[in-house]
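Peer 1: input38.cif is the file, holding mmCIF, C-alpha atoms:
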data_my_file
loop_
_atom_site.label_atom_id
_atom_site.label_comp_id
_atom_site.auth_asym_id
_atom_site.auth_seq_id
_atom_site.Cartn_x
_atom_site.Cartn_y
_atom_site.Cartn_z
CA MET A 1 28.76 37.30 12.82
CA ARG A 2 28.61 33.69 11.66
CA GLY A 3 29.42 33.10 7.99
CA PRO A 4 27.68 30.77 5.54
CA ARG A 5 26.86 27.40 7.08
CA PHE A 6 28.62 25.29 4.46
CA THR A 7 31.86 27.12 3.75
CA GLY A 8 34.55 24.47 3.20
CA THR A 9 32.00 21.70 2.57
CA VAL A 10 32.02 19.56 -0.57
CA ALA A 11 28.49 18.36 -1.30
CA VAL A 12 27.35 15.80 -3.87
CA VAL A 13 23.68 15.91 -4.86
CA THR A 14 22.16 13.31 -7.16
CA GLY A 15 19.28 14.06 -9.50
CA ALA A 16 20.37 17.69 -9.26
CA ALA A 17 19.44 19.05 -12.68
CA SER A 18 15.83 19.85 -11.73
CA GLY A 19 13.29 20.01 -8.95
CA ILE A 20 14.36 19.29 -5.39
CA GLY A 21 17.94 18.43 -6.33
CA LYS A 22 18.44 21.64 -8.30
CA ARG A 23 17.13 23.83 -5.51
CA THR A 24 19.28 21.92 -3.00
CA VAL A 25 22.54 22.53 -4.88
CA GLU A 26 21.59 26.17 -5.38
CA LEU A 27 21.00 26.73 -1.66
CA LEU A 28 24.09 24.77 -0.64
CA ALA A 29 26.22 26.84 -3.03
CA ALA A 30 24.67 30.06 -1.74
CA GLU A 31 25.68 28.94 1.77
CA GLY A 32 29.31 28.44 0.75
CA ALA A 33 29.51 24.79 -0.31
CA ASP A 34 31.36 23.47 -3.33
CA VAL A 35 28.68 21.41 -5.05
CA VAL A 36 28.64 18.50 -7.46
CA VAL A 37 25.60 18.52 -9.74
CA VAL A 38 24.92 14.87 -10.62
CA ASP A 39 22.39 13.88 -13.25
CA ARG A 40 21.85 11.39 -16.06
CA TYR A 41 21.59 14.28 -18.51
CA GLU A 42 24.96 15.95 -18.91
CA ASP A 43 23.65 19.10 -20.62
CA ARG A 44 21.10 19.75 -17.88
CA ALA A 45 23.65 19.17 -15.12
CA GLN A 46 26.12 21.47 -16.84
CA ALA A 47 23.50 24.22 -17.21
CA VAL A 48 22.83 24.16 -13.45
CA ALA A 49 26.56 24.12 -12.67
CA ASP A 50 27.21 27.00 -15.08
CA ASP A 51 24.51 29.08 -13.42
CA ILE A 52 25.96 28.45 -9.96
CA ASN A 53 29.50 29.20 -11.14
CA GLY A 54 28.20 32.40 -12.71
CA ARG A 55 27.05 33.54 -9.28
CA GLY A 56 30.58 33.23 -7.89
CA ALA A 57 30.19 29.82 -6.22
CA ARG A 58 31.89 26.60 -7.26
CA ALA A 59 30.01 23.81 -8.98
CA LEU A 60 31.06 20.71 -10.87
CA ALA A 61 28.71 18.91 -13.26
CA VAL A 62 29.01 15.11 -13.47
CA GLU A 63 26.91 12.95 -15.78
CA ALA A 64 26.18 9.64 -14.09
CA ASP A 65 23.53 6.96 -13.87
CA VAL A 66 23.51 6.35 -10.13
CA THR A 67 21.91 2.94 -10.58
CA VAL A 68 25.14 1.73 -12.19
CA ALA A 69 28.09 0.94 -9.89
CA ALA A 70 30.74 1.92 -12.44
CA ASP A 71 29.13 5.34 -12.92
CA VAL A 72 28.98 5.91 -9.17
CA ALA A 73 32.64 4.94 -8.78
CA ARG A 74 33.55 7.41 -11.54
CA LEU A 75 31.43 10.11 -9.86
CA VAL A 76 33.23 9.67 -6.54
CA ALA A 77 36.67 9.51 -8.18
CA THR A 78 35.98 12.64 -10.22
CA THR A 79 34.79 14.56 -7.17
CA GLU A 80 37.78 13.54 -5.08
CA ARG A 81 40.17 14.44 -7.90
CA GLU A 82 38.60 17.84 -8.57
CA LEU A 83 37.43 18.88 -5.09
CA GLY A 84 39.46 16.71 -2.74
CA ARG A 85 36.79 14.85 -0.78
CA ILE A 86 33.05 14.42 -0.15
CA ASP A 87 31.68 15.82 3.11
CA LEU A 88 27.98 15.62 2.30
CA LEU A 89 25.98 13.25 0.11
CA VAL A 90 22.38 14.03 -0.75
CA ASN A 91 20.69 11.03 -2.36
CA ASN A 92 17.87 12.73 -4.23
CA ALA A 93 17.59 10.76 -7.49
CA GLY A 94 14.28 8.96 -7.77
CA GLY A 95 11.32 8.22 -9.97
CA ALA A 96 7.92 6.57 -9.97
CA GLU A 97 6.76 4.40 -12.83
CA GLY A 98 4.75 1.49 -11.48
CA ASP A 99 1.45 2.19 -9.71
CA ASP A 100 -1.08 -0.61 -9.00
CA LEU A 101 0.80 -3.68 -7.77
CA VAL A 102 -1.31 -6.06 -9.86
CA ARG A 103 -0.56 -4.13 -13.05
CA ILE A 104 3.15 -3.43 -12.49
CA ASP A 105 5.39 -5.57 -14.67
CA GLU A 106 8.70 -6.86 -13.38
CA ASP A 107 10.79 -4.40 -15.40
CA ALA A 108 8.88 -1.40 -14.05
CA TRP A 109 9.22 -2.71 -10.50
CA ASP A 110 12.97 -3.13 -10.96
CA ARG A 111 13.39 0.35 -12.46
CA ASP A 112 11.56 2.00 -9.56
CA LEU A 113 13.62 0.14 -6.95
CA ASP A 114 16.84 0.77 -8.82
CA VAL A 115 16.51 4.54 -9.13
CA SER A 116 14.97 5.18 -5.71
CA LEU A 117 16.74 2.58 -3.52
CA LYS A 118 19.66 0.92 -5.28
CA SER A 119 21.09 4.37 -6.07
CA VAL A 120 21.11 5.20 -2.34
CA PHE A 121 22.92 1.93 -1.62
CA LEU A 122 25.53 2.44 -4.35
CA CYS A 123 26.26 6.10 -3.59
CA SER A 124 26.36 5.62 0.18
CA LYS A 125 28.57 2.54 -0.12
CA SER A 126 30.98 4.50 -2.31
CA VAL A 127 31.36 7.57 -0.07
CA LEU A 128 31.36 5.86 3.32
CA PRO A 129 34.92 4.44 3.36
CA ALA A 130 36.54 7.88 3.04
CA MET A 131 34.08 9.36 5.54
CA ILE A 132 34.93 6.59 7.99
CA GLU A 133 38.64 7.26 7.51
CA ARG A 134 38.16 11.00 8.14
CA ARG A 135 35.71 10.21 10.97
CA ARG A 136 33.13 12.71 9.76
CA GLY A 137 30.49 13.09 7.09
CA ALA A 138 26.77 13.45 6.53
CA ILE A 139 24.27 11.69 4.30
CA VAL A 140 20.77 13.00 3.68
CA ASN A 141 18.38 10.75 1.76
CA ILE A 142 15.16 11.87 0.11
CA ALA A 143 12.44 9.43 1.13
CA SER A 144 8.68 10.13 0.85
CA VAL A 145 5.45 10.08 2.82
CA ASN A 146 4.68 7.13 0.52
CA ALA A 147 6.98 5.13 2.78
CA MET A 148 4.60 5.71 5.70
CA GLY A 149 1.18 5.08 4.19
CA HIS A 150 -0.62 4.30 0.98
CA TYR A 151 -0.55 7.23 -1.45
CA GLY A 152 -0.23 5.27 -4.70
CA ASN A 153 2.81 4.21 -6.74
CA ASP A 154 3.34 0.89 -4.99
CA ALA A 155 6.86 0.12 -6.25
CA TYR A 156 8.11 3.64 -5.53
CA SER A 157 6.53 3.48 -2.08
CA ALA A 158 8.26 0.19 -1.28
CA ALA A 159 11.57 1.64 -2.45
CA LYS A 160 11.17 4.74 -0.27
CA ALA A 161 10.37 2.58 2.75
CA GLY A 162 13.66 0.84 2.04
CA VAL A 163 15.40 4.23 1.94
CA ILE A 164 14.21 4.98 5.47
CA SER A 165 15.38 1.59 6.73
CA LEU A 166 18.77 2.01 5.05
CA THR A 167 19.12 5.52 6.47
CA LYS A 168 18.66 4.19 10.00
CA ALA A 169 21.11 1.37 9.38
CA ILE A 170 23.80 3.81 8.23
CA ALA A 171 23.15 6.09 11.21
CA VAL A 172 23.49 3.29 13.72
CA ARG A 173 26.33 1.34 12.13
CA TYR A 174 28.58 4.29 11.32
CA GLY A 175 27.66 6.83 13.98
CA ARG A 176 30.74 5.90 15.99
CA PHE A 177 32.83 7.28 13.13
CA GLY A 178 31.18 10.69 13.36
CA ILE A 179 28.88 10.05 10.41
CA ARG A 180 25.28 11.20 10.49
CA ALA A 181 22.50 9.89 8.24
CA ASN A 182 19.00 11.29 8.05
CA ALA A 183 16.08 11.32 5.65
CA VAL A 184 13.53 13.85 4.47
CA ALA A 185 10.05 12.58 3.63
CA PRO A 186 8.19 15.02 1.36
CA ALA A 187 4.62 14.82 0.19
CA THR A 188 3.45 16.36 -3.11
CA ILE A 189 6.11 18.73 -4.43
CA ARG A 190 5.68 20.85 -7.55
CA THR A 191 8.51 19.42 -9.69
CA PRO A 192 8.93 18.43 -13.37
CA ILE A 193 8.18 14.79 -12.49
CA TRP A 194 4.52 15.87 -12.44
CA GLN A 195 4.56 17.11 -16.03
CA GLN A 196 2.76 14.14 -17.57
CA ARG A 197 0.03 14.25 -14.95
CA LEU A 198 -0.34 18.00 -15.46
CA GLU A 199 -0.83 17.44 -19.17
CA LEU A 200 -3.65 15.01 -18.40
CA ASP A 201 -5.12 17.16 -15.62
CA PRO A 202 -3.91 20.79 -15.49
CA GLN A 203 -5.80 21.34 -12.22
CA VAL A 204 -4.28 18.40 -10.35
CA PHE A 205 -2.35 20.56 -7.86
CA GLU A 206 -5.40 22.69 -7.12
CA ARG A 207 -7.45 19.56 -6.41
CA LEU A 208 -4.74 18.08 -4.21
CA THR A 209 -4.59 21.11 -1.94
CA LYS A 210 -7.74 19.96 -0.10
CA TRP A 211 -5.69 17.18 1.49
CA TYR A 212 -3.11 19.57 2.92
CA PRO A 213 -3.86 21.46 6.16
CA LEU A 214 -1.52 24.27 5.04
CA GLY A 215 -3.60 24.72 1.90
CA ARG A 216 -0.98 24.14 -0.79
CA VAL A 217 1.32 21.54 -2.27
CA GLY A 218 5.02 21.82 -1.58
CA GLU A 219 7.74 23.59 -3.52
CA PRO A 220 11.31 22.31 -4.07
CA GLU A 221 12.64 24.91 -1.65
CA ASP A 222 10.51 23.47 1.17
CA VAL A 223 12.43 20.20 0.90
CA ALA A 224 15.80 21.79 0.15
CA ASN A 225 15.59 23.84 3.35
CA ALA A 226 14.98 20.66 5.33
CA VAL A 227 17.97 19.01 3.68
CA LEU A 228 20.20 21.95 4.57
CA PHE A 229 19.11 21.83 8.20
CA LEU A 230 19.86 18.10 8.50
CA ALA A 231 23.23 18.58 6.80
CA SER A 232 24.23 21.56 8.94
CA HIS A 233 26.00 21.96 12.26
CA GLU A 234 22.65 22.92 13.78
CA ALA A 235 21.70 19.24 13.42
CA ALA A 236 24.99 17.94 14.84
CA TRP A 237 23.15 15.65 17.27
CA VAL A 238 20.44 14.55 14.84
CA SER A 239 20.95 11.18 13.20
CA GLY A 240 18.74 8.32 12.09
CA THR A 241 15.67 10.50 11.93
CA VAL A 242 13.04 11.14 9.26
CA LEU A 243 11.98 14.76 8.87
CA VAL A 244 8.49 14.82 7.37
CA VAL A 245 7.92 17.81 5.08
CA ASP A 246 4.31 17.42 4.04
CA GLY A 247 2.22 20.50 4.81
CA GLY A 248 0.48 18.55 7.57
CA LEU A 249 -0.75 15.72 5.31
CA THR A 250 0.18 12.83 7.58
CA ALA A 251 -1.27 14.59 10.62
CA GLY A 252 -4.74 14.21 9.11
CA ASN A 253 -7.16 16.49 7.32
CA ASP A 254 -10.57 18.09 7.61
CA VAL A 255 -11.81 16.46 4.41
CA ILE A 256 -12.69 13.37 6.42
CA THR A 257 -14.24 15.20 9.35
CA SER A 258 -16.29 17.44 7.05
CA GLU A 259 -17.99 14.32 5.66
CA ILE A 260 -19.08 13.16 9.12
CA PRO A 261 -22.30 14.67 10.51
CA GLN A 262 -21.48 16.70 13.61
CA VAL A 263 -23.45 16.18 16.81
CA HIS A 264 -23.49 19.14 19.19
CA ASP A 265 -24.08 18.41 22.85
CA GLU A 266 -26.45 21.07 24.18
CA ARG A 267 -26.04 20.04 27.82
CA VAL A 268 -24.59 22.62 30.17
#
Let me see the file written as structure tokens.
Peer 2:
Amino acid sequence: MRGPRFTGTVAVVTGAASGIGKRTVELLAAEGADVVVVDRYEDRAQAVADDINGRGARALAVEADVTVAADVARLVATTERELGRIDLLVNNAGGAEGDDLVRIDEDAWDRDLDVSLKSVFLCSKSVLPAMIERRRGAIVNIASVNAMGHYGNDAYSAAKAGVISLTKAIAVRYGRFGIRANAVAPATIRTPIWQQRLELDPQVFERLTKWYPLGRVGEPEDVANAVLFLASHEAAWVSGTVLVVDGGLTAGNDVITSEIPQVHDERV
């Protein structure tokens, strides 16, 4: 019988104190990985790590702002000192502040690109040299369906499109060293980032479900399961791809067709 998929793997997950990142470190730890819970908020990261450690797995909490090169260097050095190496990097940290392009100020634009794209650049750049030397490693980046079409949040969307491009660049440039890079592109996921919108409109998720052929918005575990697949041996020959996890959103929806009068051909 095959054991847990990630026994012997050291995995670093950014933005791991809540939402998608939290569920990802929990599932990785349950599958045998030693996990590094990275977040800007030390107390929240430590709470997640403590919970994982309490279940008999191994977790290390690291406070870091992954938009700052010095913090990322410290994160990598701490992980290598405490756990020996980094086998898997999951770039999950992200955020959306600016919406309408005309109304976004320069600072908001920069913040969105920093947290969603610059962080991927800094973290990937920092882990790649050791992965290249060992000739193995995996990077999974959290992109978004916003990278593929217009769903609002213009700065965030531009950043996520950059994440997909950077993912493909890493896959192609470093594949010869046994390094795989892939991305997951979620649609609406029920995470704490939605809290402000929920306060303004408590029924927002219920109203959004009409756009999803599967009849619901996503949960953090939906994305975390996709991350684990792309990071696992089952995906050993998968690199440079984008796995869309969107409940069918980008395939289309019946909201449009229901608004179009139907003509039935009575001819036999």
Peer 1: Using only C-alpha atoms, which protein or nucleic acid residues come within 12 Å of A:Asp51? Drop anything in the same chain fewer than 4 positions from it, and give the result as a ChimeraX atom specification.
Peer 2: /A:17,22,25-26,29-30,37,44-47,55-61
Peer 1: May I ask for the distance between atom CA of A:Arg136 and atom CA of A:Asp114, given in Å to one decimal place?
Peer 2: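 Straight-line distance from atom CA of A:Arg136 to atom CA of A:Asp114 works out to 27.4 Å.
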Peer 1: Identify which of the residues A:Pro186, A:Pro192, A:Gly248, A:Pro4 lies closest to A:Pro213, counting all atoms listed in the file when measuring atom-to-atom distances.
Peer 2: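 Counting all atoms listed in the file, the residue closest to A:Pro213 is A:Gly248.
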Peer 1: Have a look at atom CA of A:Ala183 and atom CA of A:Tyr212 and let me know their distance in Å, one decimal.
Peer 2: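 Between atom CA of A:Ala183 and atom CA of A:Tyr212 the gap is 21.1 Å.
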Peer 1: Skip A:Arg23 itself and residues of its chain fewer than 2 positions away, then list as a list of chain:residue names all residues within 7 Å of it, counting only C-alpha atoms.
Peer 2: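 Non-adjacent residues within range: A:Gly19, A:Ile20, A:Gly21, A:Val25, A:Glu26, A:Leu27, A:Pro220, A:Glu221, A:Ala224.
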Peer 1: Residues within 8 Å of A:Val140, please, as an NGL selection string. Count all atoms listed in the file; anything in the same chain fewer than 4 positions from it doesn't count.
Peer 2: :A and (88-91 or 181-184 or 227 or 230-231)
Peer 1: Could you turn the residues from that selection into a file that holds C-alpha atoms, as an mmCIF file, in the frame of the given file?
Peer 2:
data_model
loop_
_atom_site.group_PDB
_atom_site.id
_atom_site.type_symbol
_atom_site.label_atom_id
_atom_site.label_comp_id
_atom_site.auth_asym_id
_atom_site.auth_seq_id
_atom_site.Cartn_x
_atom_site.Cartn_y
_atom_site.Cartn_z
ATOM 1 C CA LEU A 88 27.980 15.620 2.300
ATOM 2 C CA LEU A 89 25.980 13.250 0.110
ATOM 3 C CA VAL A 90 22.380 14.030 -0.750
ATOM 4 C CA ASN A 91 20.690 11.030 -2.360
ATOM 5 C CA ALA A 181 22.500 9.890 8.240
ATOM 6 C CA ASN A 182 19.000 11.290 8.050
ATOM 7 C CA ALA A 183 16.080 11.320 5.650
ATOM 8 C CA VAL A 184 13.530 13.850 4.470
ATOM 9 C CA VAL A 227 17.970 19.010 3.680
ATOM 10 C CA LEU A 230 19.860 18.100 8.500
ATOM 11 C CA ALA A 231 23.230 18.580 6.800
#
Peer 1: So what does the PyMOL selection byres ((chain A and resi 180) around 6) actually pick up in this one, as an mmCIF file with C-alpha atoms, in the frame of the given file?
Peer 2:
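File expr36.cif, as written:
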data_model
loop_
_atom_site.group_PDB
_atom_site.id
_atom_site.type_symbol
_atom_site.label_atom_id
_atom_site.label_comp_id
_atom_site.auth_asym_id
_atom_site.auth_seq_id
_atom_site.Cartn_x
_atom_site.Cartn_y
_atom_site.Cartn_z
ATOM 1 C CA ALA A 138 26.770 13.450 6.530
ATOM 2 C CA ALA A 171 23.150 6.090 11.210
ATOM 3 C CA ILE A 179 28.880 10.050 10.410
ATOM 4 C CA ALA A 181 22.500 9.890 8.240
ATOM 5 C CA SER A 239 20.950 11.180 13.200
#
Peer 1: One number please: atom CA of A:Asn146 to atom CA of A:Phe121, in Å, one decimal.
Peer 2: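 Taking atom CA of A:Asn146 and atom CA of A:Phe121, their separation equals 19.1 Å.
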Peer 1: Ranking A:Asn225, A:Ala70, A:Val102, A:Val172 by minimum distance to A:Cys123 and counting all atoms listed in the file, which one comes first?
Peer 2: A:Ala70
Peer 1: Evaluate the PyMOL selection byres ((chain A and resi 190) around 6) here and jot the selected residues down as a list of chain:residue names.
Peer 2: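 Selected by the PyMOL selection byres ((chain A and resi 190) around 6) in this file: A:Ile189, A:Thr191, A:Glu219.
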Peer 1: Find the spatial neighbours of stretch 73-87 of chain A, counting all atoms listed in the file, within a cut-off of 7 Å - ignore same-chain residues fewer than 3 positions away - and output them as a ChimeraX atom specification.
Peer 2: /A:9-12,62,64,69-70,126,137-138
Peer 1: Can you list what the PyMOL selection byres ((chain A and resi 214) around 10) grabs from this structure, as an MDAnalysis selection string?
Peer 2: chainID A and resid 209:213 215:218 246:249 253
Peer 1: Give the answer as one residue: which of A:Val127, A:Leu166, A:Leu117, A:Ala158 has the shortest atom-to-atom distance to A:Gly240, using all atoms listed in the file?
Peer 2: A:Leu166
Peer 1: Can you work out which one of A:Ala49, A:Phe177, A:Ser116, A:Arg5 has the shortest atom-to-atom distance to A:Ala161, counting all atoms listed in the file?
Peer 2: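 Going through A:Ala49, A:Phe177, A:Ser116, A:Arg5 one by one, the smallest distance to A:Ala161 is for A:Ser116.
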Peer 1: Taking all atoms listed in the file into account, name the residue in A:Ile170, A:Ala155, A:Val204, A:Ala185 that is nearest to A:Ile139.
Peer 2: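 Between A:Ile170, A:Ala155, A:Val204, A:Ala185, the residue approaching A:Ile139 most closely is A:Ile170.
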